[in-house]
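Quick notes on the structure that follows.
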Amino acid sequence: MIRTHTAGSLRKEHTGQQVTLAGWVARRRDHGGVVFIDLRDASGVAQVVFREEDHAHDLRAEYCVKVVGEVRRRPAGNENPDLPTGEIEVVASEVEVLSESAPLPFPIESRVDVSEEVRLKYRYLDIRRQQIANAMRIRSKATYLTNEVMNELGFVYVETPTLTRSTPEGARDFLVPVRLQPGNWYALPQSPQLFKQLLQVAGLERYYQLAKCYRDEDLRADRQPEFTQIDIEMSFVDQEDVIEVAERLVARLWKEIAGYELPTPLPRLTYAEAMARYGSDKPDLRFGQELVDMTEYFSATSFRVFQAEYVGAVVMPGGASQTRKELDAWQEWARSRGAKGLAYVLVQQDGTLGGPVAKNLSDTELSGLAAKVGAQPGDAIFFAAGLPNPSRDLLGAARLEIGRRCGLIDESQWSFLWVVDAPMFEPVHDEVGREIGWTAVHHPFTGPKPEWADTFQDNPGQALAYAYDMVCNGNEIGGGSIRIHRAEMQQRVFDVLGISKEEAETKFGFLLEAFKYGPPPHGGIAFGFDRICALLAGGESIRDVIAFPKTASGYDPLTGAPTPITPEQRKEAGVDARPKA
RNA sequence: GGUCCUGUAGAGCAGUUUGGAGUGCUCGCCACCCUGUCAAGGUGGAGGUCGCGGGUUCAAGUCCCGUCAGGACCGCCA
């Protein structure tokens, strides 16, 4: 090594030692006769002092330098208690510029926000910033811990192919042309789902992998076209076994990285309960404002809007003092989510009820309303009425918006839970809204809960899946299920989904074939590793914990990918080859 | 596919409502001064395709149309 010490490790115990440091010029404070340089390397920062004969005047921000000097205690009164190395400084006797830096496209040592686009274009500079570097280290630590825990629990790490077969279900595939077989295409895996089940047939019993997954769908703040899952599958288990492994993994990650003791076993909500109380299948339990079911309360109402299959309410504390403009903005907000609007009643300070909806309600309805929904004087009550699912979705979204706007969410808190007993199927609608069949909520290999094993096909809308999602602070961070391992049951699921024997054979034939050879009962779970890291790093976006992320249009500002290909590449790749009929 | 927000010097912004000279702020950059700073300080200076194209107008950063890029959301993501 061209250095003898790292900058951030120097302490007063090193006083008197001759050291050689190597790193970057983080800051320069030039007083003419004396120049201070904050020298940064991966370990931290140390102050280097230059006297006028040392030519430090020409050093600039982010020059890469080697410095030889003597560690000494800072003169009394000049210590910096804010720095770990603040008791000492290095008096430079020699400085060598290892490489110069052009003027920076954005400041590295500063707190100002820089647009993400510029940061991503110069991501290598962005990662020099402490916050991003820290996020990278947190992710690294999470990777090590995951491997540690899974190893301790006896799991076998298996890598599965990233050039594989296109699966017509689910998300859009990224496709890769195959030069050796023009007209045929690989797909990048949306997840290793089928492989991990095959590994159960293979008898490995406990499989895991940090798996890259690829989905060609529109992006969001928490979605990238390529992302990483902690993928886990186990044989001879039921739901409790998978949940226990999942909790041990997550508990270790949060304990070692966030210093948080996971309160295991985690609380559980059924899907139905989560939807009824929070209007979400991934409720954020860090605040209250639960939904109130008002269907019964308004069962005899003469107000047309509330003569609906479902009427629900959510309370906004202090919401009665909103201006007309703010209340109109809520309507606009609801319409932007596809709703007709968001009915509201304002509870005035004297307890009387105001707002356009109030005059449509009877005296009886008005008199008990505030008490029924738990509203105090000064609050606003929002209502949604109509079909249960979209109404609850709207109220659930309103609840989150209320939580954010009213500052009800304690950001220092962690809230974990399981959401279990999700429906197995949901109806498929045609263009005019008629139900024309069923689709799997999870995927077609998800088993029914034991009590639905024999009857799910008779009542697909009611049947519950043997599935579980882990939720943290309103984010689904992992989800899994107990799989179907019997051909007979799988066939009944395909029947419900309207998948013919021939179709199933074409799409999943290799899995069904494998299941002829003594498949063990099995189940598993997959965690969104990027989201977990983002939560642990305290970031808003998973882009913060991905070294080289892409923008919302799938563009990489650094490399410029994706790019056009040359006619030669196009020809050779066989992109335009006609498949044999 | 849809809705909304944003685009002005290397970075972060103001200016756009009510059209009138590229008008301004903070940081950075360059030169000089400065021996105890740590977001150092001081003096001076450079730096602009107001995203791009078109239109209206005597005149457009500002108004209109289109387009591109970034962000957020809906659809989508088994």
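Every chain in the structure tokens takes a letter, A first, then B, and so on in the order presented; its residues are numbered from 1, and the ligands are numbered from 1 following the presented order.
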Compute the chain A side of the contact with chain B at 8 Å, counting only C-alpha atoms (C1' of nucleotides), and hand it back as JSON, numbers by chain. {"A": [29, 30, 31, 32, 33, 34, 36, 78, 80, 103, 104, 105, 106, 107, 110, 112, 113, 114, 117, 169, 170, 171, 215, 217, 218, 336, 337, 338, 440, 441, 442, 443, 444]}
Please identify all polymer residues within 9 Å of region 57-64 of chain A, counting only C-alpha atoms (C1' of nucleotides), omitting same-chain residues fewer than 3 positions from it, and present them as an NGL selection string. :A and (22-28 or 30 or 32 or 35 or 37 or 50 or 52 or 54 or 96-104 or 108)
Which residues are close to region 510-520 of chain A, i.e. within 9 Å by only C-alpha atoms (C1' of nucleotides), leaving aside same-chain residues fewer than 5 positions away? Reply as a PyMOL selection string. chain A and resi 194-195+197-198+200-203+205+235-236+485-487+490+504-505
Given the selection you just returned, output its residues as a file containing all heavy atoms, formatted as a tab-separated table (two decimals), in the first residue's frame.
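After the write, result_19.tsv holds the following:
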```tsv
chain	number	residue	atom	x	y	z
A	194	LEU	N	-39.99	-20.63	-10.62
A	194	LEU	CA	-40.11	-22.03	-11.04
A	194	LEU	C	-38.85	-22.80	-10.70
A	194	LEU	O	-38.91	-23.96	-10.28
A	194	LEU	CB	-40.42	-22.10	-12.53
A	194	LEU	CG	-41.74	-21.41	-12.89
A	194	LEU	CD1	-41.99	-21.45	-14.39
A	194	LEU	CD2	-42.91	-22.05	-12.14
A	195	PHE	N	-37.69	-22.15	-10.81
A	195	PHE	CA	-36.44	-22.85	-10.47
A	195	PHE	C	-36.38	-23.21	-9.00
A	195	PHE	O	-35.91	-24.28	-8.62
A	195	PHE	CB	-35.24	-21.97	-10.85
A	195	PHE	CG	-35.02	-21.90	-12.32
A	195	PHE	CD1	-35.25	-20.71	-13.00
A	195	PHE	CD2	-34.60	-23.01	-13.04
A	195	PHE	CE1	-35.06	-20.64	-14.37
A	195	PHE	CE2	-34.40	-22.95	-14.41
A	195	PHE	CZ	-34.63	-21.76	-15.08
A	197	GLN	N	-38.78	-23.90	-7.08
A	197	GLN	CA	-39.64	-25.05	-6.82
A	197	GLN	C	-39.00	-26.33	-7.35
A	197	GLN	O	-39.08	-27.38	-6.71
A	197	GLN	CB	-41.02	-24.81	-7.45
A	197	GLN	CG	-41.76	-23.67	-6.77
A	197	GLN	CD	-43.23	-23.63	-7.14
A	197	GLN	OE1	-43.68	-22.67	-7.73
A	197	GLN	NE2	-43.99	-24.66	-6.79
A	198	LEU	N	-38.33	-26.23	-8.50
A	198	LEU	CA	-37.62	-27.40	-9.03
A	198	LEU	C	-36.53	-27.85	-8.07
A	198	LEU	O	-36.26	-29.05	-7.93
A	198	LEU	CB	-37.00	-27.07	-10.40
A	198	LEU	CG	-38.01	-26.83	-11.52
A	198	LEU	CD1	-37.29	-26.35	-12.77
A	198	LEU	CD2	-38.83	-28.09	-11.81
A	200	GLN	N	-36.72	-27.80	-4.97
A	200	GLN	CA	-37.36	-28.57	-3.91
A	200	GLN	C	-37.58	-30.01	-4.37
A	200	GLN	O	-37.31	-30.97	-3.64
A	200	GLN	CB	-38.68	-27.93	-3.48
A	200	GLN	CG	-38.54	-26.50	-3.01
A	200	GLN	CD	-37.45	-26.32	-1.99
A	200	GLN	OE1	-37.46	-26.94	-0.93
A	200	GLN	NE2	-36.46	-25.48	-2.32
A	201	VAL	N	-38.04	-30.15	-5.62
A	201	VAL	CA	-38.15	-31.49	-6.19
A	201	VAL	C	-36.77	-32.16	-6.18
A	201	VAL	O	-36.63	-33.36	-5.96
A	201	VAL	CB	-38.71	-31.44	-7.63
A	201	VAL	CG1	-38.82	-32.85	-8.21
A	201	VAL	CG2	-40.06	-30.75	-7.65
A	202	ALA	N	-35.73	-31.32	-6.36
A	202	ALA	CA	-34.36	-31.84	-6.41
A	202	ALA	C	-33.87	-32.29	-5.04
A	202	ALA	O	-32.78	-32.87	-4.93
A	202	ALA	CB	-33.43	-30.77	-6.97
A	203	GLY	N	-34.63	-31.99	-4.00
A	203	GLY	CA	-34.26	-32.51	-2.69
A	203	GLY	C	-33.26	-31.69	-1.91
A	203	GLY	O	-32.75	-32.14	-0.89
A	205	GLU	N	-34.03	-29.15	-0.24
A	205	GLU	CA	-34.86	-28.84	0.93
A	205	GLU	C	-34.81	-27.38	1.36
A	205	GLU	O	-35.83	-26.80	1.69
A	205	GLU	CB	-34.52	-29.74	2.12
A	205	GLU	CG	-34.89	-31.19	1.86
A	205	GLU	CD	-35.08	-32.01	3.12
A	205	GLU	OE1	-35.21	-31.42	4.22
A	205	GLU	OE2	-35.09	-33.25	3.00
A	235	SER	N	-38.62	-27.14	1.96
A	235	SER	CA	-39.47	-28.32	1.85
A	235	SER	C	-40.01	-28.75	3.21
A	235	SER	O	-39.41	-28.45	4.25
A	235	SER	CB	-38.67	-29.49	1.26
A	235	SER	OG	-38.39	-29.25	-0.09
A	236	PHE	N	-41.11	-29.49	3.18
A	236	PHE	CA	-41.73	-30.08	4.38
A	236	PHE	C	-42.09	-29.02	5.42
A	236	PHE	O	-41.86	-29.21	6.61
A	236	PHE	CB	-40.79	-31.14	4.99
A	236	PHE	CG	-40.36	-32.17	3.99
A	236	PHE	CD1	-39.04	-32.27	3.60
A	236	PHE	CD2	-41.29	-33.03	3.42
A	236	PHE	CE1	-38.64	-33.20	2.66
A	236	PHE	CE2	-40.90	-33.98	2.48
A	236	PHE	CZ	-39.57	-34.07	2.09
A	485	HIS	N	-48.26	-28.91	-4.43
A	485	HIS	CA	-47.30	-29.92	-4.88
A	485	HIS	C	-48.00	-31.16	-5.43
A	485	HIS	O	-47.34	-32.11	-5.81
A	485	HIS	CB	-46.35	-30.31	-3.74
A	485	HIS	CG	-47.00	-31.12	-2.66
A	485	HIS	ND1	-47.83	-30.55	-1.70
A	485	HIS	CD2	-46.96	-32.46	-2.41
A	485	HIS	CE1	-48.25	-31.51	-0.90
A	485	HIS	NE2	-47.75	-32.68	-1.31
A	486	ARG	N	-49.35	-31.11	-5.48
A	486	ARG	CA	-50.07	-32.28	-6.01
A	486	ARG	C	-50.72	-31.92	-7.33
A	486	ARG	O	-51.39	-30.89	-7.47
A	486	ARG	CB	-51.13	-32.74	-5.01
A	486	ARG	CG	-50.51	-33.30	-3.73
A	486	ARG	CD	-51.50	-34.14	-2.92
A	486	ARG	NE	-52.89	-33.87	-3.19
A	486	ARG	CZ	-53.67	-33.14	-2.39
A	486	ARG	NH1	-53.20	-32.59	-1.30
A	486	ARG	NH2	-54.94	-32.98	-2.70
A	487	ALA	N	-50.51	-32.78	-8.31
A	487	ALA	CA	-50.99	-32.52	-9.66
A	487	ALA	C	-52.50	-32.32	-9.68
A	487	ALA	O	-53.02	-31.45	-10.39
A	487	ALA	CB	-50.61	-33.68	-10.59
A	490	GLN	N	-53.30	-28.86	-8.47
A	490	GLN	CA	-52.84	-27.90	-9.47
A	490	GLN	C	-53.82	-27.84	-10.63
A	490	GLN	O	-54.12	-26.78	-11.16
A	490	GLN	CB	-51.44	-28.28	-9.96
A	490	GLN	CG	-50.80	-27.26	-10.87
A	490	GLN	CD	-50.49	-25.95	-10.16
A	490	GLN	OE1	-49.67	-25.92	-9.24
A	490	GLN	NE2	-51.18	-24.88	-10.53
A	504	ALA	N	-51.42	-25.40	-20.12
A	504	ALA	CA	-50.56	-25.62	-18.96
A	504	ALA	C	-49.32	-26.39	-19.35
A	504	ALA	O	-48.21	-26.08	-18.92
A	504	ALA	CB	-51.33	-26.37	-17.87
A	505	GLU	N	-49.53	-27.37	-20.21
A	505	GLU	CA	-48.40	-28.18	-20.68
A	505	GLU	C	-47.39	-27.31	-21.42
A	505	GLU	O	-46.18	-27.41	-21.21
A	505	GLU	CB	-48.95	-29.30	-21.59
A	505	GLU	CG	-47.97	-30.40	-21.88
A	505	GLU	CD	-47.48	-31.06	-20.59
A	505	GLU	OE1	-48.30	-31.29	-19.67
A	505	GLU	OE2	-46.26	-31.31	-20.51
```
As a ChimeraX atom specification, which residues of region 361-393 of chain A does DSSP assign to helix (DSSP H, G or I)? /A:363-367,369-373,388-393
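Near region 176-179 of chain A, within 12 Å and counting only C-alpha atoms (C1' of nucleotides), sit Thr162, Leu163, Thr164, Arg165, Ser166, Gly183, Asn184, Trp185, Tyr186, Ala187, Leu188, Pro189, Gln569, Arg570, Lys571, Glu572, Ala573, Gly574, Val575, Asp576, Ala577, Arg578 and Pro579 of chain A; same-chain residues fewer than 4 positions away were not included.
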Restrict the selected residues to N, CA and C atoms and save them as a short mmCIF file (atom, residue, chain, number, x, y, z; two decimals), in the first residue's frame.
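And here's again.cif as it stands now:
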```cif
data_model
loop_
_atom_site.label_atom_id
_atom_site.label_comp_id
_atom_site.auth_asym_id
_atom_site.auth_seq_id
_atom_site.Cartn_x
_atom_site.Cartn_y
_atom_site.Cartn_z
N THR A 162 -30.08 -16.56 -15.57
CA THR A 162 -30.70 -15.29 -15.93
C THR A 162 -31.07 -15.28 -17.41
N LEU A 163 -30.61 -16.26 -18.16
CA LEU A 163 -31.11 -16.45 -19.52
C LEU A 163 -32.04 -17.65 -19.45
N THR A 164 -33.32 -17.40 -19.56
CA THR A 164 -34.25 -18.50 -19.33
C THR A 164 -35.43 -18.39 -20.26
N ARG A 165 -36.49 -19.09 -19.88
CA ARG A 165 -37.64 -19.21 -20.75
C ARG A 165 -38.67 -18.14 -20.44
N SER A 166 -39.25 -17.56 -21.46
CA SER A 166 -40.29 -16.57 -21.26
C SER A 166 -41.52 -17.23 -20.64
N GLY A 183 -34.56 -16.25 -34.26
CA GLY A 183 -36.00 -16.33 -34.14
C GLY A 183 -36.44 -16.81 -32.77
N ASN A 184 -35.51 -17.38 -32.03
CA ASN A 184 -35.83 -17.78 -30.65
C ASN A 184 -35.22 -16.79 -29.67
N TRP A 185 -35.88 -16.65 -28.54
CA TRP A 185 -35.50 -15.62 -27.58
C TRP A 185 -35.44 -16.21 -26.18
N TYR A 186 -34.44 -15.79 -25.43
CA TYR A 186 -34.46 -16.00 -23.98
C TYR A 186 -35.31 -14.91 -23.34
N ALA A 187 -35.73 -15.15 -22.12
CA ALA A 187 -36.27 -14.07 -21.30
C ALA A 187 -35.41 -13.97 -20.05
N LEU A 188 -35.27 -12.75 -19.56
CA LEU A 188 -34.64 -12.59 -18.25
C LEU A 188 -35.71 -12.90 -17.20
N PRO A 189 -35.33 -13.58 -16.10
CA PRO A 189 -36.35 -14.03 -15.16
C PRO A 189 -37.01 -12.89 -14.40
N GLN A 569 -24.92 -5.79 -35.84
CA GLN A 569 -25.36 -6.43 -34.59
C GLN A 569 -26.77 -6.99 -34.75
N ARG A 570 -27.58 -6.19 -35.42
CA ARG A 570 -28.98 -6.56 -35.59
C ARG A 570 -29.11 -7.86 -36.38
N LYS A 571 -28.31 -7.92 -37.45
CA LYS A 571 -28.35 -9.10 -38.31
C LYS A 571 -27.85 -10.32 -37.55
N GLU A 572 -26.71 -10.13 -36.86
CA GLU A 572 -26.08 -11.25 -36.17
C GLU A 572 -26.95 -11.77 -35.03
N ALA A 573 -27.60 -10.83 -34.32
CA ALA A 573 -28.41 -11.24 -33.17
C ALA A 573 -29.66 -12.00 -33.60
N GLY A 574 -30.03 -11.83 -34.85
CA GLY A 574 -31.22 -12.55 -35.31
C GLY A 574 -32.51 -11.91 -34.84
N VAL A 575 -32.44 -10.60 -34.57
CA VAL A 575 -33.63 -9.91 -34.05
C VAL A 575 -34.80 -10.03 -35.02
N ASP A 576 -34.50 -9.94 -36.30
CA ASP A 576 -35.57 -9.91 -37.29
C ASP A 576 -35.87 -11.28 -37.89
N ALA A 577 -35.23 -12.31 -37.39
CA ALA A 577 -35.45 -13.64 -37.96
C ALA A 577 -36.90 -14.06 -37.77
N ARG A 578 -37.43 -14.73 -38.79
CA ARG A 578 -38.80 -15.23 -38.67
C ARG A 578 -38.76 -16.60 -37.99
N PRO A 579 -39.52 -16.74 -36.91
CA PRO A 579 -39.53 -18.05 -36.27
C PRO A 579 -40.16 -19.08 -37.19
#
```
What lies within 8 Å of region 526-540 of chain A using only C-alpha atoms (C1' of nucleotides), ignoring chain neighbours under 4 positions off, as a ChimeraX atom specification? /A:134-135,138-139,142,222,227-232,254,257-258,477-480,544-546
